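Enquirer: What follows is a single structure, and I will ask about it in a moment.
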Amino acid sequence: MAFNSSPIFLFSAYVIIFIPLQIVMRFGFFDDENKEYVITNPETPRSWTNYLGSTDFGSVITNHAGGYSFFRSAAQGRFTRLRFNSIPMDQPGRYIYLHDHENKDFWSNSWQPVGKPVDQFKSVCRHGTGYTKISAEYSGINSEVIYFVPEGKHYECWIVKVKNDSDRFRKMSLFTYVEYAGNWNAQDDQVNLQYTQYTVKMTAKGNLIDHGTNVNLPSLPENFEEKDQGRHTFMGVAGALVKGFDTDREAFIGPYRTYANPLVVERGECGNTEAAGDNGCGVFQVPVALQPGEEKEFVVLMGVGSAEKEGAEAVATFDTVEKAKVAFEEVKNNWHRKIESLWVKTPDASFDSMINTWSPYNCLITYFWSRAASLIYNGERDGLGYRDSVQDVMGTAALIPSEVRERLILMLSGQVANGGAIPVVKPYAHFPGQMSAPKAEEYRSDDAMWLFNAVPLYVRETGDVDFYQLDIPFADQGSATVFGHLRRAIEFNLDRLGAHGLPCGLLADWNDCLELGQKGETVFVAFQLRYALKVYGEIAQMLKQEAEQTWAAEQLAVIDKNIEDHAWDGEWFLRAFRDDGMKFGTNEAEEGKIFLNPQAWSVISEYAQETRAEQVLVAVRKQLATDHGIMVCTPPFVKTDYRVVRATLMNPGMKENAGIFNHTQGWGIMAEAMVGNGDQAYEYFKATSPASYNDQAEIRQIEPYVVCQSTHSKHSPRFGASRVPWLSGAATWLYFSATQHILGVRPQLEGLEVNPCIPSSWDGFECSRLFRDKKINIKVQNPNRNCSGVSHIVIGDQRIEGSLIPNELLVDQMEILVVMK
């Protein structure tokens, strides 16, 4: 337990919260060497999660071994069960129970679900990259389970170890437990019980269990979304003898009992039941006899396919614990290779913990599963949301460039011929050229604008200029080069301008709570459109498309004039116009006077410069910045009709209603860095970084190693409490702004740029960057404690003026020195 030197006061508009010193504690720490977050106190404020697997087979796992597993989709392919928004929030899961035959005591390797007193039960959870390791010490028995998904496999592997640390002989039984879904369709499994309680058929033979649903029907792999088809999953044990099994949940748990005291575990013996209908589970009893100091290990395998075929193959593949350990090391190494494209050492260890491990890892998980699978996202958001997933590639372009190229092709094929986009791309049910275009009222004005951030970044990262000439079909009809797709994206908004010559908001413009109407106008997207035209003109110049370059410049001038004539409110930029003429984000308003998005993007788009840029950023600092991040707007909406702004439906200080929406925090960081304000940019980073709250986890409550969607602002009585961890655009923008704007290590077509904007307290930093298959080792010196500005770069005995290292000078393992002004 770590105490701060002074109590914490949380101020809000409605309440002051005093948190006594004695309850400000740590639940764990960053193990940077092993790239793990180590949870040493199991009583975390909420269940803290991790992910296993890949884009085909995924698992959500908590520090209590809770969570669920799914194939391809958490909505259409979830085969183990989780009860969302339940108490506890992460049950059931994938458990190992232990029973002592001598004294009839029992517990679970993970602290929950049995929940022995923490003063008697020592629990340590190590969340790593693609794996979770949970260990326990209780009653002289040391146990450990490592959970991971082997590379290229569609099943989980659990390496189970139990050791006798007592001074007497111990006779134990270990019991596995997973609870199966009645149908892979998550909604049907949860609510259509009059159907799904009659579809399960469980069988067990030897060391394999088969979980079947709709077993009388054929399997239809070509029609993944069809819920009424035969499907199978398996559980197997390798490296140990199996004494018994149970596959009927009610028989295993017993009447009026819970996961904390299953009847079978309590009595120490399975009943060998097979479920026919009702609720299936996977339980094996593995007897273990241990002399003092002796340990034994075995492997549990659980995943997709029939027990007879895929299950038997999995058990044969990992018939020894040693083979499973080799696969585990392969998983660790593969993940580490992905996230090590950039490594940094700065004066701030918490910054390093995030940037070296958890931020890139968070970006990859978000890239894999978009907003579709967590303890919060329960499958209602299936597939890849267009605007979310296009942005997600920005955090992963340097980590997995080949995969990002394929993802961009997929998302570009989700653009329709008029330049807009379908809201969601489902990789397992996406057929370019055959999809229906959205109805006119279903388009969102910002969707395709994010392509101008993502596509050029990929090209700069890889040097793959030919990508612009790749022909890609539209979702509904026709095709165009990538360059042509970008042109259509601009035309989509130019074809939909409102009364002030600004882009119409349509269904939404990123902020889904603003009810602008089809003809209402969005200043935020106006700045996005400006950015798009600027970038498009630069690409046209590079491709020697002079007519396109001229066209972009002409359109840019028109948009700039319309912004200047109509979007400036006197001290900051407006947010939007409703189609009835009402202004959002005006000083004249009682509620929602100022919004972050247009202020930040006026700078990011390079419309606001020098005096104007400083003016809007000062407004953000004074009006929107808080100790826990920048609010999306202020004051909150309380009296405004919810049909005008749906944020009124939410409590003040939460989400879009003057909450801290963390997706936007990177934009504030970028804007400050672009004008050279390194101290302010870093202050915003620290306010948003999860690691900043490791010693105050009771306030933030969620995981201190990953970002979240939103944080309660000062307008909420729970200022600082955070919600919806892991899957958020905040992952991409925090990592992108920290690496490319604070550290300033940016890919350019002409080479690698190093142009930091750091806090004045730093005397420099060291980093390495993998860039086009070359590892570049960089040392930055800041002798005058300036925030920004590069004097020169030294490579050997060569001095380069400016901040760019040209391609022709880049050599693998080279050492460079960057000296700031």
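In the structure tokens, the first chain shown is A, the next is B, and so on; residue numbers restart at 1 for each chain, and ligands run from 1 in the order shown.
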Where in segment 696-735 of chain A does DSSP assign alpha helix (DSSP H), given as a count of residues only?

Expert: 11

Enquirer: Write out as CSV the residues of segment 361-451 of chain A that have any atom within 12 Å of an atom of segment 42-55 of chain A, one row each with the nearest atom pair and its distance in Å to one decimal, counting only C-alpha atoms, sorted by chain and then rising number.

Expert:
residue,atom,partner,partner_atom,distance
A:Tyr361,CA,A:Tyr51,CA,10.0
A:Asn362,CA,A:Asn50,CA,9.7
A:Leu364,CA,A:Ser54,CA,9.7
A:Ile365,CA,A:Tyr51,CA,7.4
A:Thr366,CA,A:Tyr51,CA,10.2
A:Tyr367,CA,A:Thr55,CA,9.0
A:Phe368,CA,A:Thr55,CA,5.4
A:Trp369,CA,A:Thr55,CA,7.0
A:Ser370,CA,A:Thr55,CA,10.2
A:Ala372,CA,A:Thr55,CA,11.5
A:Ala373,CA,A:Tyr51,CA,9.6
A:Ser374,CA,A:Thr49,CA,8.3
A:Leu375,CA,A:Thr49,CA,8.2
A:Ile376,CA,A:Thr49,CA,11.1
A:Gly383,CA,A:Thr55,CA,11.1
A:Leu384,CA,A:Thr55,CA,11.5
A:Glu403,CA,A:Thr55,CA,11.0
A:Arg407,CA,A:Thr55,CA,11.6
A:Pro427,CA,A:Thr55,CA,10.2
A:Tyr428,CA,A:Thr55,CA,11.2

Enquirer: Just the number, please: distance in Å from atom CA of Glu144 of chain A to atom CA of Ser108 of chain A, one decimal.

Expert: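 One can read the atom CA of Glu144 of chain A to atom CA of Ser108 of chain A distance as 10.5 Å.
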
Enquirer: Can you work out which one of A:Met542, A:Ala204, A:Ala65, A:Ala398 has the shortest atom-to-atom distance to Ser135 of chain A, counting only C-alpha atoms?

Expert: A:Ala65

Enquirer: For Thr320 of chain A, list every protein, DNA or RNA residue within 8 Å, evaluated using only C-alpha atoms, and leave out those in the same chain fewer than 5 positions away; present the list as a PyMOL selection string.

Expert: chain A and resi 238-239+298-299

Enquirer: Would you mind exporting the chosen residues as an mmCIF file, in the first residue's frame, restricted to C-alpha atoms?

Expert:
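Result file follows (again-v8.cif):
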data_model
loop_
_atom_site.group_PDB
_atom_site.id
_atom_site.type_symbol
_atom_site.label_atom_id
_atom_site.label_comp_id
_atom_site.auth_asym_id
_atom_site.auth_seq_id
_atom_site.Cartn_x
_atom_site.Cartn_y
_atom_site.Cartn_z
ATOM 1 C CA ALA A 238 -3.347 -33.183 -21.915
ATOM 2 C CA GLY A 239 -0.547 -34.352 -19.657
ATOM 3 C CA PHE A 298 -0.943 -30.286 -17.182
ATOM 4 C CA VAL A 299 -2.618 -28.516 -20.085
#

Enquirer: Can you work out which one of A:Glu521, A:Asp348, A:Glu588, A:Asp580 has the shortest atom-to-atom distance to Pro503 of chain A, counting only C-alpha atoms?

Expert: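 Of all the options, A:Glu521 lies closest to Pro503 of chain A.
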
Enquirer: Using the chain letters and numbers from this document, which residues of segment 335-371 of chain A does DSSP assign to strand (DSSP E or B), as a PyMOL selection string?

Expert: chain A and resi 342-345

Enquirer: Can I get the selection written as a PDB file, in the first residue's frame, with C-alpha atoms?

Expert:
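Written out: result.pdb:
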ATOM      1  CA  LEU A 342       9.435   2.199 -30.946  1.00  0.00           C
ATOM      2  CA  TRP A 343      11.237   2.135 -27.602  1.00  0.00           C
ATOM      3  CA  VAL A 344      11.886   5.181 -25.457  1.00  0.00           C
ATOM      4  CA  LYS A 345      13.651   6.162 -22.257  1.00  0.00           C
TER       5      LYS A 345
END

Enquirer: I'd like the neighbourhood of Arg723 of chain A as a ChimeraX atom specification, where a residue qualifies if any of its atoms comes within 9 Å (using only C-alpha atoms), though same-chain residues fewer than 5 positions away should be ignored.

Expert: /A:376,700-702,708-712

Enquirer: Rank A:Leu399, A:Val191, A:Cys504, A:Leu174 by their smallest atom-to-atom distance to Ala240 of chain A, using only C-alpha atoms, and report the top residue only.

Expert: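 Of all the options, A:Leu174 lies closest to Ala240 of chain A.
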
Enquirer: Work out how far apart atom CA of Ser413 of chain A and atom CA of Phe57 of chain A are and give it in Å to one decimal.

Expert: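 Computing it gives 23.8 Å between the two atoms.
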